[in-house]
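Source file structure-v9.pdb; content: PDB, C-alpha atoms and all ligand atoms.
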```pdb
ATOM      1  CA  MET G 226     -84.746 -39.803 115.885  1.00  0.00           C
ATOM      2  CA  ASN G 227     -81.256 -39.820 114.412  1.00  0.00           C
ATOM      3  CA  ALA G 228     -81.606 -43.440 113.313  1.00  0.00           C
ATOM      4  CA  GLN G 229     -84.682 -42.368 111.398  1.00  0.00           C
ATOM      5  CA  LEU G 230     -82.866 -39.448 109.769  1.00  0.00           C
ATOM      6  CA  ASP G 231     -80.085 -41.863 108.762  1.00  0.00           C
ATOM      7  CA  LEU G 232     -82.645 -44.171 107.214  1.00  0.00           C
ATOM      8  CA  ILE G 233     -84.043 -41.288 105.156  1.00  0.00           C
ATOM      9  CA  ALA G 234     -80.559 -40.198 104.035  1.00  0.00           C
ATOM     10  CA  ASP G 235     -79.642 -43.790 103.062  1.00  0.00           C
ATOM     11  CA  GLY G 236     -82.855 -44.269 101.107  1.00  0.00           C
ATOM     12  CA  LEU G 237     -82.304 -41.034  99.185  1.00  0.00           C
ATOM     13  CA  ALA G 238     -78.680 -41.924  98.430  1.00  0.00           C
ATOM     14  CA  ASP G 239     -79.387 -45.535  97.412  1.00  0.00           C
ATOM     15  CA  GLN G 240     -82.713 -45.350  95.614  1.00  0.00           C
ATOM     16  CA  GLY G 241     -83.763 -41.693  95.371  1.00  0.00           C
ATOM     17  CA  TYR G 242     -86.583 -42.047  97.879  1.00  0.00           C
ATOM     18  CA  ALA G 243     -87.325 -43.084 101.451  1.00  0.00           C
ATOM     19  CA  VAL G 244     -90.384 -44.032 103.495  1.00  0.00           C
ATOM     20  CA  ALA G 245     -90.091 -43.427 107.261  1.00  0.00           C
ATOM     21  CA  ASP G 246     -92.883 -44.591 109.564  1.00  0.00           C
ATOM     22  CA  GLY G 247     -93.484 -42.799 112.850  1.00  0.00           C
ATOM     23  CA  PHE G 248     -91.862 -39.541 111.766  1.00  0.00           C
ATOM     24  CA  LEU G 249     -94.746 -38.036 113.735  1.00  0.00           C
ATOM     25  CA  SER G 250     -96.283 -39.941 116.648  1.00  0.00           C
ATOM     26  CA  THR G 251     -99.993 -40.809 116.753  1.00  0.00           C
ATOM     27  CA  ARG G 252    -100.437 -38.005 119.289  1.00  0.00           C
ATOM     28  CA  GLU G 253     -98.598 -35.461 117.125  1.00  0.00           C
ATOM     29  CA  VAL G 254    -100.704 -36.409 114.122  1.00  0.00           C
ATOM     30  CA  SER G 255    -103.883 -36.022 116.106  1.00  0.00           C
ATOM     31  CA  ASP G 256    -102.761 -32.618 117.488  1.00  0.00           C
ATOM     32  CA  ILE G 257    -102.182 -31.369 113.934  1.00  0.00           C
ATOM     33  CA  ARG G 258    -105.564 -32.672 112.809  1.00  0.00           C
ATOM     34  CA  GLN G 259    -107.178 -30.841 115.757  1.00  0.00           C
ATOM     35  CA  THR G 260    -105.835 -27.435 114.677  1.00  0.00           C
ATOM     36  CA  ASP G 261    -108.461 -24.978 113.512  1.00  0.00           C
ATOM     37  CA  GLU G 262    -107.118 -25.055 109.941  1.00  0.00           C
ATOM     38  CA  PHE G 263    -107.623 -28.786 109.567  1.00  0.00           C
ATOM     39  CA  ARG G 264    -110.895 -28.970 111.479  1.00  0.00           C
ATOM     40  CA  ASN G 265    -112.341 -26.164 109.376  1.00  0.00           C
ATOM     41  CA  HIS G 266    -110.460 -26.871 106.190  1.00  0.00           C
ATOM     42  CA  LEU G 267    -113.464 -26.001 104.002  1.00  0.00           C
ATOM     43  CA  LEU G 268    -113.021 -22.442 105.261  1.00  0.00           C
ATOM     44  CA  HIS G 269    -109.246 -22.241 105.194  1.00  0.00           C
ATOM     45  CA  PHE G 270    -108.052 -24.278 102.216  1.00  0.00           C
ATOM     46  CA  ARG G 271    -108.373 -23.386  98.560  1.00  0.00           C
ATOM     47  CA  GLN G 272    -108.281 -25.498  95.468  1.00  0.00           C
ATOM     48  CA  ALA G 273    -104.707 -26.185  94.372  1.00  0.00           C
ATOM     49  CA  GLY G 274    -103.529 -25.075  90.948  1.00  0.00           C
ATOM     50  CA  ILE G 275    -100.966 -26.279  88.482  1.00  0.00           C
ATOM     51  CA  GLY G 276     -98.203 -23.980  87.227  1.00  0.00           C
ATOM     52  CA  GLN G 277     -96.830 -20.942  89.021  1.00  0.00           C
ATOM     53  CA  GLN G 278     -98.145 -17.391  89.479  1.00  0.00           C
ATOM     54  CA  ARG G 279     -99.612 -16.160  86.180  1.00  0.00           C
ATOM     55  CA  ASP G 280     -99.540 -19.651  84.721  1.00  0.00           C
ATOM     56  CA  ARG G 281    -101.492 -21.033  87.655  1.00  0.00           C
ATOM     57  CA  GLN G 282    -104.758 -22.714  86.797  1.00  0.00           C
ATOM     58  CA  VAL G 283    -107.151 -25.109  88.482  1.00  0.00           C
ATOM     59  CA  ASN G 284    -107.704 -28.337  86.581  1.00  0.00           C
ATOM     60  CA  GLU G 285    -109.523 -31.109  88.407  1.00  0.00           C
ATOM     61  CA  ALA G 286    -108.734 -33.568  85.627  1.00  0.00           C
ATOM     62  CA  ILE G 287    -105.083 -33.257  86.753  1.00  0.00           C
ATOM     63  CA  ARG G 288    -105.277 -32.498  90.481  1.00  0.00           C
ATOM     64  CA  GLY G 289    -108.199 -32.158  92.875  1.00  0.00           C
ATOM     65  CA  ASP G 290    -106.645 -31.343  96.243  1.00  0.00           C
ATOM     66  CA  TYR G 291    -107.254 -28.292  98.455  1.00  0.00           C
ATOM     67  CA  ILE G 292    -104.330 -26.624 100.192  1.00  0.00           C
ATOM     68  CA  ARG G 293    -103.182 -23.919 102.560  1.00  0.00           C
ATOM     69  CA  TRP G 294     -99.562 -22.729 102.641  1.00  0.00           C
ATOM     70  CA  ILE G 295     -97.973 -22.689 106.086  1.00  0.00           C
ATOM     71  CA  ASP G 296     -96.248 -19.539 107.279  1.00  0.00           C
ATOM     72  CA  PRO G 297     -93.630 -20.977 109.695  1.00  0.00           C
ATOM     73  CA  ALA G 298     -93.609 -17.742 111.732  1.00  0.00           C
ATOM     74  CA  GLN G 299     -97.360 -17.998 112.403  1.00  0.00           C
ATOM     75  CA  ALA G 300     -97.771 -21.755 112.685  1.00  0.00           C
ATOM     76  CA  ALA G 301     -99.806 -23.211 115.565  1.00  0.00           C
ATOM     77  CA  ALA G 302     -97.712 -25.249 118.027  1.00  0.00           C
ATOM     78  CA  PRO G 303     -98.391 -28.727 116.550  1.00  0.00           C
ATOM     79  CA  LEU G 304     -97.361 -27.489 113.102  1.00  0.00           C
ATOM     80  CA  ALA G 305     -94.362 -25.591 114.494  1.00  0.00           C
ATOM     81  CA  LEU G 306     -93.134 -28.900 115.867  1.00  0.00           C
ATOM     82  CA  TYR G 307     -93.305 -30.442 112.398  1.00  0.00           C
ATOM     83  CA  VAL G 308     -91.463 -27.431 110.963  1.00  0.00           C
ATOM     84  CA  GLN G 309     -88.740 -28.007 113.573  1.00  0.00           C
ATOM     85  CA  ARG G 310     -88.449 -31.664 112.526  1.00  0.00           C
ATOM     86  CA  LEU G 311     -88.053 -30.583 108.914  1.00  0.00           C
ATOM     87  CA  ARG G 312     -85.258 -28.201 109.927  1.00  0.00           C
ATOM     88  CA  HIS G 313     -83.474 -31.121 111.599  1.00  0.00           C
ATOM     89  CA  LEU G 314     -83.961 -33.204 108.496  1.00  0.00           C
ATOM     90  CA  ILE G 315     -82.430 -30.444 106.350  1.00  0.00           C
ATOM     91  CA  GLU G 316     -79.394 -30.158 108.660  1.00  0.00           C
ATOM     92  CA  HIS G 317     -78.958 -33.914 108.651  1.00  0.00           C
ATOM     93  CA  LEU G 318     -79.159 -34.244 104.866  1.00  0.00           C
ATOM     94  CA  ASN G 319     -76.761 -31.342 104.383  1.00  0.00           C
ATOM     95  CA  ARG G 320     -74.276 -33.039 106.721  1.00  0.00           C
ATOM     96  CA  THR G 321     -74.584 -36.534 105.282  1.00  0.00           C
ATOM     97  CA  LEU G 322     -75.369 -35.975 101.595  1.00  0.00           C
ATOM     98  CA  TYR G 323     -73.902 -32.486 100.986  1.00  0.00           C
ATOM     99  CA  VAL G 324     -77.091 -31.430  99.236  1.00  0.00           C
ATOM    100  CA  GLY G 325     -76.888 -27.703 100.092  1.00  0.00           C
ATOM    101  CA  LEU G 326     -80.513 -27.316 101.198  1.00  0.00           C
ATOM    102  CA  LYS G 327     -81.356 -23.809 102.390  1.00  0.00           C
ATOM    103  CA  ASP G 328     -85.043 -23.622 103.141  1.00  0.00           C
ATOM    104  CA  PHE G 329     -88.418 -25.324 102.721  1.00  0.00           C
ATOM    105  CA  GLU G 330     -92.012 -24.611 101.745  1.00  0.00           C
ATOM    106  CA  ILE G 331     -94.980 -26.594 103.058  1.00  0.00           C
ATOM    107  CA  HIS G 332     -98.703 -26.682 102.605  1.00  0.00           C
ATOM    108  CA  GLN G 333    -101.487 -28.418 104.445  1.00  0.00           C
ATOM    109  CA  THR G 334    -103.432 -30.633 102.088  1.00  0.00           C
ATOM    110  CA  VAL G 335    -106.755 -32.388 101.814  1.00  0.00           C
ATOM    111  CA  TYR G 336    -107.880 -34.593  98.936  1.00  0.00           C
ATOM    112  CA  PRO G 337    -111.690 -34.816  99.011  1.00  0.00           C
ATOM    113  CA  VAL G 338    -113.171 -38.269  98.349  1.00  0.00           C
ATOM    114  CA  GLY G 339    -112.562 -39.387  94.756  1.00  0.00           C
ATOM    115  CA  THR G 340    -109.951 -36.741  93.921  1.00  0.00           C
ATOM    116  CA  PHE G 341    -106.419 -37.506  92.714  1.00  0.00           C
ATOM    117  CA  TYR G 342    -103.247 -36.015  91.287  1.00  0.00           C
ATOM    118  CA  LYS G 343    -102.192 -37.484  87.947  1.00  0.00           C
ATOM    119  CA  ARG G 344     -98.638 -38.607  87.243  1.00  0.00           C
ATOM    120  CA  HIS G 345     -96.215 -35.664  87.443  1.00  0.00           C
ATOM    121  CA  LEU G 346     -92.844 -34.284  88.522  1.00  0.00           C
ATOM    122  CA  ASP G 347     -92.666 -31.667  91.307  1.00  0.00           C
ATOM    123  CA  GLN G 348     -90.220 -29.282  89.637  1.00  0.00           C
ATOM    124  CA  PHE G 349     -91.527 -26.355  87.627  1.00  0.00           C
ATOM    125  CA  LYS G 350     -90.203 -25.719  84.118  1.00  0.00           C
ATOM    126  CA  LYS G 351     -88.876 -22.265  84.983  1.00  0.00           C
ATOM    127  CA  ASP G 352     -87.823 -22.986  88.553  1.00  0.00           C
ATOM    128  CA  ASP G 353     -85.734 -25.940  89.691  1.00  0.00           C
ATOM    129  CA  HIS G 354     -85.207 -24.977  93.332  1.00  0.00           C
ATOM    130  CA  ARG G 355     -87.234 -27.878  94.655  1.00  0.00           C
ATOM    131  CA  LYS G 356     -84.679 -30.577  95.416  1.00  0.00           C
ATOM    132  CA  LEU G 357     -86.591 -32.966  97.661  1.00  0.00           C
ATOM    133  CA  SER G 358     -90.319 -33.556  98.058  1.00  0.00           C
ATOM    134  CA  VAL G 359     -91.386 -34.388 101.612  1.00  0.00           C
ATOM    135  CA  ILE G 360     -94.894 -35.547 102.462  1.00  0.00           C
ATOM    136  CA  CYS G 361     -96.185 -36.528 105.890  1.00  0.00           C
ATOM    137  CA  TYR G 362     -99.580 -38.226 106.182  1.00  0.00           C
ATOM    138  CA  LEU G 363    -102.186 -37.447 108.807  1.00  0.00           C
ATOM    139  CA  ASN G 364    -104.749 -40.240 108.430  1.00  0.00           C
ATOM    140  CA  GLU G 365    -105.856 -42.541 111.210  1.00  0.00           C
ATOM    141  CA  ALA G 366    -106.692 -46.191 110.486  1.00  0.00           C
ATOM    142  CA  TRP G 367    -106.091 -46.027 106.744  1.00  0.00           C
ATOM    143  CA  HIS G 368    -106.381 -49.365 104.952  1.00  0.00           C
ATOM    144  CA  GLU G 369    -105.550 -50.658 101.484  1.00  0.00           C
ATOM    145  CA  GLU G 370    -109.226 -50.690 100.467  1.00  0.00           C
ATOM    146  CA  HIS G 371    -109.445 -46.916 101.088  1.00  0.00           C
ATOM    147  CA  GLY G 372    -107.115 -46.329  98.113  1.00  0.00           C
ATOM    148  CA  GLY G 373    -105.311 -42.986  98.084  1.00  0.00           C
ATOM    149  CA  GLN G 374    -101.893 -44.530  97.538  1.00  0.00           C
ATOM    150  CA  LEU G 375     -98.935 -42.427  96.514  1.00  0.00           C
ATOM    151  CA  ARG G 376     -97.635 -44.253  93.443  1.00  0.00           C
ATOM    152  CA  LEU G 377     -93.907 -43.781  92.927  1.00  0.00           C
ATOM    153  CA  TYR G 378     -92.632 -44.610  89.442  1.00  0.00           C
ATOM    154  CA  VAL G 379     -89.375 -46.295  90.373  1.00  0.00           C
ATOM    155  CA  HIS G 380     -87.153 -48.545  88.215  1.00  0.00           C
ATOM    156  CA  ALA G 381     -89.205 -50.359  85.617  1.00  0.00           C
ATOM    157  CA  GLY G 382     -92.416 -50.484  87.635  1.00  0.00           C
ATOM    158  CA  HIS G 383     -93.961 -48.650  90.525  1.00  0.00           C
ATOM    159  CA  ARG G 384     -94.233 -48.744  94.291  1.00  0.00           C
ATOM    160  CA  ASP G 385     -97.480 -47.836  96.062  1.00  0.00           C
ATOM    161  CA  VAL G 386     -97.298 -46.176  99.471  1.00  0.00           C
ATOM    162  CA  LEU G 387    -100.352 -45.954 101.754  1.00  0.00           C
ATOM    163  CA  PRO G 388    -100.914 -42.544 103.399  1.00  0.00           C
ATOM    164  CA  LEU G 389    -100.592 -43.855 106.970  1.00  0.00           C
ATOM    165  CA  GLY G 390    -100.642 -41.343 109.823  1.00  0.00           C
ATOM    166  CA  GLY G 391     -97.128 -40.281 110.876  1.00  0.00           C
ATOM    167  CA  ARG G 392     -95.478 -41.761 107.782  1.00  0.00           C
ATOM    168  CA  LEU G 393     -93.028 -39.511 105.925  1.00  0.00           C
ATOM    169  CA  VAL G 394     -92.125 -39.994 102.275  1.00  0.00           C
ATOM    170  CA  CYS G 395     -89.169 -38.160 100.807  1.00  0.00           C
ATOM    171  CA  PHE G 396     -87.942 -38.276  97.209  1.00  0.00           C
ATOM    172  CA  ARG G 397     -85.865 -36.431  94.627  1.00  0.00           C
ATOM    173  CA  SER G 398     -88.169 -33.867  93.079  1.00  0.00           C
ATOM    174  CA  GLU G 399     -86.388 -33.571  89.741  1.00  0.00           C
ATOM    175  CA  VAL G 400     -86.375 -37.258  88.812  1.00  0.00           C
ATOM    176  CA  LEU G 401     -89.160 -39.163  90.514  1.00  0.00           C
ATOM    177  CA  GLU G 402     -92.518 -39.157  88.759  1.00  0.00           C
ATOM    178  CA  HIS G 403     -95.446 -39.960  90.999  1.00  0.00           C
ATOM    179  CA  GLU G 404     -99.216 -39.742  91.329  1.00  0.00           C
ATOM    180  CA  VAL G 405    -101.925 -39.796  93.978  1.00  0.00           C
ATOM    181  CA  LEU G 406    -104.656 -42.380  93.441  1.00  0.00           C
ATOM    182  CA  PRO G 407    -108.291 -41.581  94.320  1.00  0.00           C
ATOM    183  CA  ALA G 408    -109.532 -42.572  97.764  1.00  0.00           C
ATOM    184  CA  THR G 409    -112.847 -43.450  99.370  1.00  0.00           C
ATOM    185  CA  ARG G 410    -112.056 -41.168 102.360  1.00  0.00           C
ATOM    186  CA  GLU G 411    -110.767 -37.634 102.745  1.00  0.00           C
ATOM    187  CA  ARG G 412    -106.991 -37.823 102.692  1.00  0.00           C
ATOM    188  CA  PHE G 413    -104.938 -35.407 104.822  1.00  0.00           C
ATOM    189  CA  SER G 414    -101.242 -34.574 104.625  1.00  0.00           C
ATOM    190  CA  LEU G 415     -98.508 -31.985 104.939  1.00  0.00           C
ATOM    191  CA  THR G 416     -96.792 -31.550 101.594  1.00  0.00           C
ATOM    192  CA  GLY G 417     -93.471 -29.805 101.326  1.00  0.00           C
ATOM    193  CA  TRP G 418     -90.284 -29.233  99.411  1.00  0.00           C
ATOM    194  CA  LEU G 419     -86.715 -28.766 100.556  1.00  0.00           C
ATOM    195  CA  LEU G 420     -85.165 -25.993  98.491  1.00  0.00           C
ATOM    196  CA  ASN G 421     -81.670 -24.970  97.507  1.00  0.00           C
ATOM    197  CA  GLN G 422     -82.608 -21.306  97.862  1.00  0.00           C
ATOM    198  CA  HIS G 423     -84.730 -19.264 100.252  1.00  0.00           C
ATOM    199  CA  ALA G 424     -88.486 -19.692  99.974  1.00  0.00           C
ATOM    200  CA  GLU G 425     -90.648 -16.939  98.551  1.00  0.00           C
ATOM    201  CA  LEU G 426     -93.634 -15.694 100.477  1.00  0.00           C
ATOM    202  CA  LYS G 427     -96.691 -17.490  99.208  1.00  0.00           C
ATOM    203  CA  HIS G 428     -99.809 -15.556  98.332  1.00  0.00           C
ATOM    204  CA  LEU G 429    -102.450 -17.146 100.487  1.00  0.00           C
TER     205      LEU G 429
HETATM  206  C1  LIG H   1     -97.982 -33.229  95.381  1.00  0.00           C
HETATM  207  C2  LIG H   1     -98.000 -34.701  95.539  1.00  0.00           C
HETATM  208  C3  LIG H   1     -98.313 -36.654  96.927  1.00  0.00           C
HETATM  209  C4  LIG H   1     -99.133 -37.176  98.070  1.00  0.00           C
HETATM  210  O1  LIG H   1     -98.686 -32.523  96.134  1.00  0.00           O
HETATM  211  O2  LIG H   1     -97.244 -32.736  94.488  1.00  0.00           O
HETATM  212  O3  LIG H   1     -97.524 -35.356  94.651  1.00  0.00           O
HETATM  213  O4  LIG H   1     -98.968 -38.356  98.424  1.00  0.00           O
HETATM  214  N1  LIG H   1     -98.482 -35.275  96.676  1.00  0.00           N
HETATM  215  O5  LIG H   1     -99.945 -36.429  98.612  1.00  0.00           O
HETATM  216 MN    MN H   2     -96.133 -34.196  93.545  1.00  0.00          MN
END
```
What do you get writing this file as structure tokens?
Ligand code: OGA
Ligand code: MN
Amino acid sequence: MNAQLDLIADGLADQGYAVADGFLSTREVSDIRQTDEFRNHLLHFRQAGIGQQRDRQVNEAIRGDYIRWIDPAQAAAPLALYVQRLRHLIEHLNRTLYVGLKDFEIHQTVYPVGTFYKRHLDQFKKDDHRKLSVICYLNEAWHEEHGGQLRLYVHAGHRDVLPLGGRLVCFRSEVLEHEVLPATRERFSLTGWLLNQHAELKHL
């Protein structure tokens, strides 16, 4: 596990992003997908907005995913395990990169078939506490022809990352523009941010 955390820290230091396969095992991914929230996501998730609080609005021409914020104190065991892994990641990055991370916020995510999230940055205009974006994918047997790539706008061009089960992607929220391409299957993930201040309670 530590080798993997080192790989993430090195990627962030050298290129501003990292892709780590097997951050969750196949079994751990399947346990998360079997939780009531994911199995009955139509009941539990709501359409994601853009902007914060009063500025929040739904706009499917920009983003079409459905989400549910995770309350770490109430999380089912398979999700609590992921939360624990994120805490280790935070400790590791604080030790190796001196980034001063204090907390995190995570939501469960589903992109229905054909939905996407246009090119954007993850920091809000009035709130720059999101330092690192961390996404872990929960899709079994995902192939290139299913689409749904995370497109990272790096250097002059871009790098496309497939949402493979267990794969973790981490990048600097304030600099790295990215987008989610439409897919021919439902696309599941855990989407989170490592913060330099304590997380607020989300209104579910
Ligand atoms: C986001 C986002 C990327 C992905 O939710 O802000 O960019 O691959 N997600 O799901
Ligand atoms: Mn994003």
For this file, the PyMOL selection byres (((not hetatm)) within 8 of (chain H and resi 1)) selects which residues, as number ranges by chain?
G: 334, 342, 345-347, 358, 360, 362, 373-376, 388, 403-405, 414-417
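Reported to one decimal place, the separation of atom CA of Gln309 of chain G from atom CA of Leu230 of chain G is 13.4 Å.
Considering only C-alpha atoms and all ligand atoms, the residue among G:Arg279, G:His383, G:Arg293, G:Arg397 positioned nearest to ligand MN 2 (chain H) is G:Arg397.
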Residue contacts of segment 314-322 of chain G (10 Å, all atoms listed in the file) excluding same-chain residues fewer than 3 positions away, as a PyMOL selection string:
chain G and resi 226-227+229-231+233-235+237-238+308-311+325-329+357+419-420
Mind giving me the straight-line distance from atom CA of Gly339 of chain G to atom CA of His368 of chain G in Å, one decimal?
15.5 Å
Using all atoms listed in the file, the residue out of G:Tyr242, G:Tyr307, G:Tyr336, G:Tyr323 with shortest distance to Asp256 of chain G is G:Tyr307
Write out as a PDB file with C-alpha atoms, keeping the file's coordinate frame each polymer residue whose atoms come within 7 Å of Val283 of chain G, counting all atoms listed in the file; drop sequence neighbours fewer than 5 positions from it.
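The resulting file, out-v2.pdb, is shown below:
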```pdb
ATOM      1  CA  ALA G 273    -104.707 -26.185  94.372  1.00  0.00           C
ATOM      2  CA  GLY G 274    -103.529 -25.075  90.948  1.00  0.00           C
ATOM      3  CA  ILE G 275    -100.966 -26.279  88.482  1.00  0.00           C
TER       4      ILE G 275
END
```
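All protein, DNA and RNA residues at most 10 Å from (-98.8, -41.5, 109.8) are Ala245, Asp246, Gly247, Phe248, Leu249, Ser250, Thr251, Glu253, Val254, Ser255, Cys361, Tyr362, Leu363, Asn364, Glu365, Ala366, Trp367, Leu387, Pro388, Leu389, Gly390, Gly391, Arg392, Leu393, Phe413 and Ser414 of chain G, using only C-alpha atoms.
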Write out the residues from the selection above, keeping C-alpha atoms, as a compact mmCIF listing (two decimals), keeping the file's coordinate frame.
```
# COMPACT_ATOMS: atom_id res chain seq x y z
CA ALA G 245 -90.09 -43.43 107.26
CA ASP G 246 -92.88 -44.59 109.56
CA GLY G 247 -93.48 -42.80 112.85
CA PHE G 248 -91.86 -39.54 111.77
CA LEU G 249 -94.75 -38.04 113.74
CA SER G 250 -96.28 -39.94 116.65
CA THR G 251 -99.99 -40.81 116.75
CA GLU G 253 -98.60 -35.46 117.12
CA VAL G 254 -100.70 -36.41 114.12
CA SER G 255 -103.88 -36.02 116.11
CA CYS G 361 -96.18 -36.53 105.89
CA TYR G 362 -99.58 -38.23 106.18
CA LEU G 363 -102.19 -37.45 108.81
CA ASN G 364 -104.75 -40.24 108.43
CA GLU G 365 -105.86 -42.54 111.21
CA ALA G 366 -106.69 -46.19 110.49
CA TRP G 367 -106.09 -46.03 106.74
CA LEU G 387 -100.35 -45.95 101.75
CA PRO G 388 -100.91 -42.54 103.40
CA LEU G 389 -100.59 -43.86 106.97
CA GLY G 390 -100.64 -41.34 109.82
CA GLY G 391 -97.13 -40.28 110.88
CA ARG G 392 -95.48 -41.76 107.78
CA LEU G 393 -93.03 -39.51 105.92
CA PHE G 413 -104.94 -35.41 104.82
CA SER G 414 -101.24 -34.57 104.62
```
Would you please work out which residue, of G:Phe263, G:Phe341, G:Phe270, G:Trp294, is nearest to ligand MN 2 (chain H) when using all atoms listed in the file?
G:Phe341
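Applied to the file shown here, the PyMOL selection byres (((chain G and resi 400) around 9) and not hetatm) selects Gly241, Leu346, Asp347, Gln348, Phe396, Arg397, Ser398, Glu399, Leu401 and Glu402 of chain G.
Among the candidates G:His269, G:Ile295, G:Pro407, G:Trp418, the one nearest to ligand MN 2 (chain H) when counting only C-alpha atoms and all ligand atoms is G:Trp418.
Going from atom CA of Glu425 of chain G to atom CA of Val359 of chain G covers 17.7 Å.
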Residue with smallest distance to ligand MN 2 (chain H) - pool G:Cys395, G:Ala298, G:Ala286, G:Leu267, counting all atoms listed in the file:
G:Cys395
Where does the PyMOL selection byres (((chain G and resi 338) around 7) and not hetatm) land in this file, that is, which residues does it pick, as a tab-separated table (two decimals) with C-alpha atoms, in the coordinates of the input?
```
chain	number	residue	atom	x	y	z
G	336	TYR	CA	-107.88	-34.59	98.94
G	337	PRO	CA	-111.69	-34.82	99.01
G	339	GLY	CA	-112.56	-39.39	94.76
G	340	THR	CA	-109.95	-36.74	93.92
G	408	ALA	CA	-109.53	-42.57	97.76
G	409	THR	CA	-112.85	-43.45	99.37
G	410	ARG	CA	-112.06	-41.17	102.36
G	411	GLU	CA	-110.77	-37.63	102.74
```
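Closest approach to ligand MN 2 (chain H) among G:Ala305, G:Lys343, G:Asp296, G:Val244: G:Lys343, based on all atoms listed in the file.
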